[in-house]
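Written out below as structure tokens is the structure these notes cover.
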Amino acid sequence: MLEASSASFIAERYALGDRATLTGPVARGELGQVWRLITSNGTWAVKEPFEPKSEAESREEAEIQGIAREAGIPVPGVIRSADGDVSLVVGDVRICVFEWVDVLERDPGLDPVAVGRLVASIHRVPFPEIRGEDPWYREPITNDRWRELSDHLEAARAPFADELASYRAELAALGAVVEPPTVLQTCHRDLWADNLRATPDGGLCVLDWENFGLADPSQELCLVLFEFGAGEAERARDIYRAYVETGGPGRVTGRRTFSMLIAQLGHIGEAGCKQWLTAEASSPEREHAATWVGEFLAQPLSSDAIDRILDAIRSR
């Protein structure tokens, strides 16, 4: 884990100025956490991943983020060290440094027209095909796996065991809908409200491009319709209309277009359940996992929710 004492070392290697201070973590995601670096020259975001990452992987992500930035997508700039590297080994972790962008708290209720236009703009960027598909975005969790998890959680007296058990039939029905993507291009693949944020000046910013790779833009659009529709069909309709009018290539044709959303939500839920089962009782990891699963169950995806979005789009 990073320590505040690493501030001067990081600032020197990236030529960011002197009188450096490092505070944090100031933000946490599932893949890593962010520290704030302040020097005589300004403020930067230092990202510390939870899992090891190579310089080659960091360069790939920097390339995609740089292309997005050049295309006018609002993303933080990537800072490179004096020798041109994107990442830096600090102690036992490899960090990356980005421009600091002030963002507001996650908000699925962002202006739906602005969200639709921004996602369309991302999908219109001709990104190179650097990373392929990933099962996380295309393969559903099987009914047998949900049954196994449910049994283990019940035996362990998980606080959400009964709620997950009652949701299993719907999860099975959703899993039966999933089909492979038909059109592939490089997408962000993580456009949740955690990563698409409002800024204090009224703009938007797209964070965390680490999960980029090949996906179907129509299926990624459905993720956005669900997340930023925020349970209101009219918002989903407005997002979709703005997306189409801005030239976004994706189109929603039926339940199967929601395949990526179904698969991704399933994997998120499964990962949270696994973490709860393997973490020690009363540990921060178990508490975090319970919150994670709670979010998965708080706004559950269902066939009815999908149909409401489809009806709103068709009535536009």
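Scheme for the structure tokens: letters A, B, ... for chains in order shown; per-chain residue numbers from 1; ligand numbers from 1 in order shown.
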Considering only C-alpha atoms, tabulate each residue of segment 132-205 of chain A that lies at most 10 Å from segment 270-287 of chain A along with its nearest interatomic pair and the corresponding distance in Å to one decimal; arrange the rows by chain and ascending residue number and present them as JSON lines.
```
{"residue": "A:Ile141", "atom": "CA", "partner": "A:Glu270", "partner_atom": "CA", "distance": 7.8}
{"residue": "A:Arg145", "atom": "CA", "partner": "A:Glu270", "partner_atom": "CA", "distance": 8.7}
{"residue": "A:Trp146", "atom": "CA", "partner": "A:Glu270", "partner_atom": "CA", "distance": 7.9}
{"residue": "A:Leu149", "atom": "CA", "partner": "A:Cys273", "partner_atom": "CA", "distance": 7.2}
{"residue": "A:Ser150", "atom": "CA", "partner": "A:Cys273", "partner_atom": "CA", "distance": 8.9}
{"residue": "A:His152", "atom": "CA", "partner": "A:Leu277", "partner_atom": "CA", "distance": 7.8}
{"residue": "A:Leu153", "atom": "CA", "partner": "A:Leu277", "partner_atom": "CA", "distance": 7.1}
{"residue": "A:Ala156", "atom": "CA", "partner": "A:Leu277", "partner_atom": "CA", "distance": 7.6}
{"residue": "A:Ala158", "atom": "CA", "partner": "A:Trp276", "partner_atom": "CA", "distance": 8.2}
{"residue": "A:Phe160", "atom": "CA", "partner": "A:Cys273", "partner_atom": "CA", "distance": 9.4}
{"residue": "A:Ala161", "atom": "CA", "partner": "A:Cys273", "partner_atom": "CA", "distance": 9.5}
{"residue": "A:Leu164", "atom": "CA", "partner": "A:Cys273", "partner_atom": "CA", "distance": 9.7}
```
I need the residues from that last selection saved to file as a PDB file, in the first residue's frame (with C-alpha atoms), if you can.
```
ATOM      1  CA  ILE A 141     -23.754 -16.601 -14.063  1.00  0.00           C
ATOM      2  CA  ARG A 145     -23.890 -21.223  -9.510  1.00  0.00           C
ATOM      3  CA  TRP A 146     -26.538 -18.949  -7.992  1.00  0.00           C
ATOM      4  CA  LEU A 149     -23.877 -19.363  -3.598  1.00  0.00           C
ATOM      5  CA  SER A 150     -27.318 -19.067  -2.079  1.00  0.00           C
ATOM      6  CA  HIS A 152     -23.437 -21.215   1.200  1.00  0.00           C
ATOM      7  CA  LEU A 153     -24.739 -17.768   2.190  1.00  0.00           C
ATOM      8  CA  ALA A 156     -23.179 -18.737   6.843  1.00  0.00           C
ATOM      9  CA  ALA A 158     -25.391 -13.808   5.515  1.00  0.00           C
ATOM     10  CA  PHE A 160     -28.728 -10.779   2.489  1.00  0.00           C
ATOM     11  CA  ALA A 161     -29.134 -14.560   2.030  1.00  0.00           C
ATOM     12  CA  LEU A 164     -30.712 -13.302  -2.870  1.00  0.00           C
TER      13      LEU A 164
END
```
Q: Tell me which protein, DNA and RNA residues are within 7 Å of Val177 of chain A, counting only C-alpha atoms, leaving out same-chain ones fewer than 6 positions away, and put them as a PyMOL selection string.
A: chain A and resi 255-256+259
Take the selection from the previous step and output its residues with N, CA and C atoms, as a PDB file, in the first residue's frame.
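The resulting file, result-v5.pdb, is reproduced below:
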```
ATOM      1  N   ARG A 255     -35.018  -7.540 -25.629  1.00  0.00           N
ATOM      2  CA  ARG A 255     -34.418  -7.963 -24.365  1.00  0.00           C
ATOM      3  C   ARG A 255     -32.978  -8.440 -24.535  1.00  0.00           C
ATOM      4  N   ARG A 256     -32.688  -9.097 -25.636  1.00  0.00           N
ATOM      5  CA  ARG A 256     -31.350  -9.672 -25.794  1.00  0.00           C
ATOM      6  C   ARG A 256     -30.270  -8.602 -25.938  1.00  0.00           C
ATOM      7  N   SER A 259     -27.915  -8.058 -22.920  1.00  0.00           N
ATOM      8  CA  SER A 259     -27.083  -9.197 -22.515  1.00  0.00           C
ATOM      9  C   SER A 259     -25.865  -8.773 -21.703  1.00  0.00           C
TER      10      SER A 259
END
```
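Considering only C-alpha atoms, the residue among A:Trp192, A:Trp44, A:Tyr240, A:Tyr167 positioned nearest to Gly116 of chain A is A:Tyr240.
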(Q) Can you tell me, as a count of residues only, which residues in segment 4-220 of chain A count as alpha helix (DSSP H) by DSSP? (A) 67
Please build the interface table for segment 27-134 of chain A against segment 291-300 of chain A with a cut-off of 12 Å, listing for each qualifying residue the nearest atom pair and the distance in Å to one decimal; count only C-alpha atoms, order rows by chain and increasing number, and write it as a tab-separated table.
```
residue	atom	partner	partner_atom	distance
A:Gly29	CA	A:Trp292	CA	10.8
A:Glu30	CA	A:Trp292	CA	9.5
A:Pro108	CA	A:Gln299	CA	11.8
```
For N, CA and C atoms, I'd like the residues from the last selection saved as a compact mmCIF listing (two decimals), in the first residue's frame.
```txt
# COMPACT_ATOMS: atom_id res chain seq x y z
N GLY A 29 -12.39 2.32 -5.61
CA GLY A 29 -13.23 1.53 -6.49
C GLY A 29 -12.97 0.07 -6.23
N GLU A 30 -13.49 -0.80 -7.10
CA GLU A 30 -13.27 -2.23 -6.92
C GLU A 30 -11.89 -2.66 -7.42
N PRO A 108 -26.74 8.75 -10.52
CA PRO A 108 -27.45 8.18 -11.68
C PRO A 108 -28.50 9.12 -12.25
```
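Nearest residue to Glu105 of chain A, choosing from A:Leu204, A:Leu310, A:Ala165, A:Ile64 and counting only C-alpha atoms: A:Leu204.
Between atom CA of Met1 of chain A and atom CA of Trp35 of chain A the interatomic distance comes to 11.0 Å.
Each of A:Val75, A:Val183, A:Val244, A:Ile38 was compared to Val103 of chain A using only C-alpha atoms, and A:Val75 turns out to be the nearest.
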Q | Proximity to Ala236 of chain A - best of A:Asp162, A:Asp111, A:Leu118, A:Gly266, only C-alpha atoms | A | A:Asp111
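You can rank A:Ile10, A:Arg106, A:Pro76, A:Trp136 by their closest distance to Val89 of chain A using only C-alpha atoms, and at the top of that list sits A:Ile10.
If only C-alpha atoms are the atoms counted, then among A:Pro74, A:Pro25, A:Gly32, A:Pro180 the closest residue to Ser121 of chain A is A:Pro74.
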**Q.** Residue neighbourhood segment 224-228 of chain A, 7 Å, only C-alpha atoms, exclusion window fewer than 2 positions, as a list in words
**A.** Pro108, Gly109, Leu110, Leu191, Trp192, Ala193, Glu220, Leu221, Cys222, Ala230, Ala236 and Ile239 of chain A
Q: Could you pull out the residues in segment 10-176 of chain A that DSSP calls strand (DSSP E) from the backbone, as number ranges by chain?
A: A: 21-28, 32-39, 42-49, 78-79, 87-90, 93-99
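In this model, the gap between atom CA of Pro140 of chain A and atom CA of Leu265 of chain A comes to 8.9 Å.
Taking atom CA of Gly72 of chain A as the reference point, atom CA of His123 of chain A is found at 12.3 Å.
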Q.
Give me the residues near Ala312 of chain A as a PyMOL selection string, where near means some atom within 10 Å (using only C-alpha atoms) and where sequence neighbours in that chain fewer than 2 positions away do not count.
A. chain A and resi 232-238+240+307-310+314-316
Residues near Glu12 of chain A, cut-off 10 Å, only C-alpha atoms, skip fewer than 5 positions along chain, as a compact mmCIF listing (two decimals) with C-alpha atoms, in the first residue's frame:
```
# COMPACT_ATOMS: atom_id res chain seq x y z
CA ALA A 7 5.10 11.90 -2.15
CA GLY A 17 7.32 20.05 -8.67
CA ASP A 18 8.51 20.16 -5.08
CA ALA A 20 4.96 17.36 -2.38
CA SER A 81 7.45 10.08 -16.14
CA ALA A 82 10.63 11.73 -17.41
```
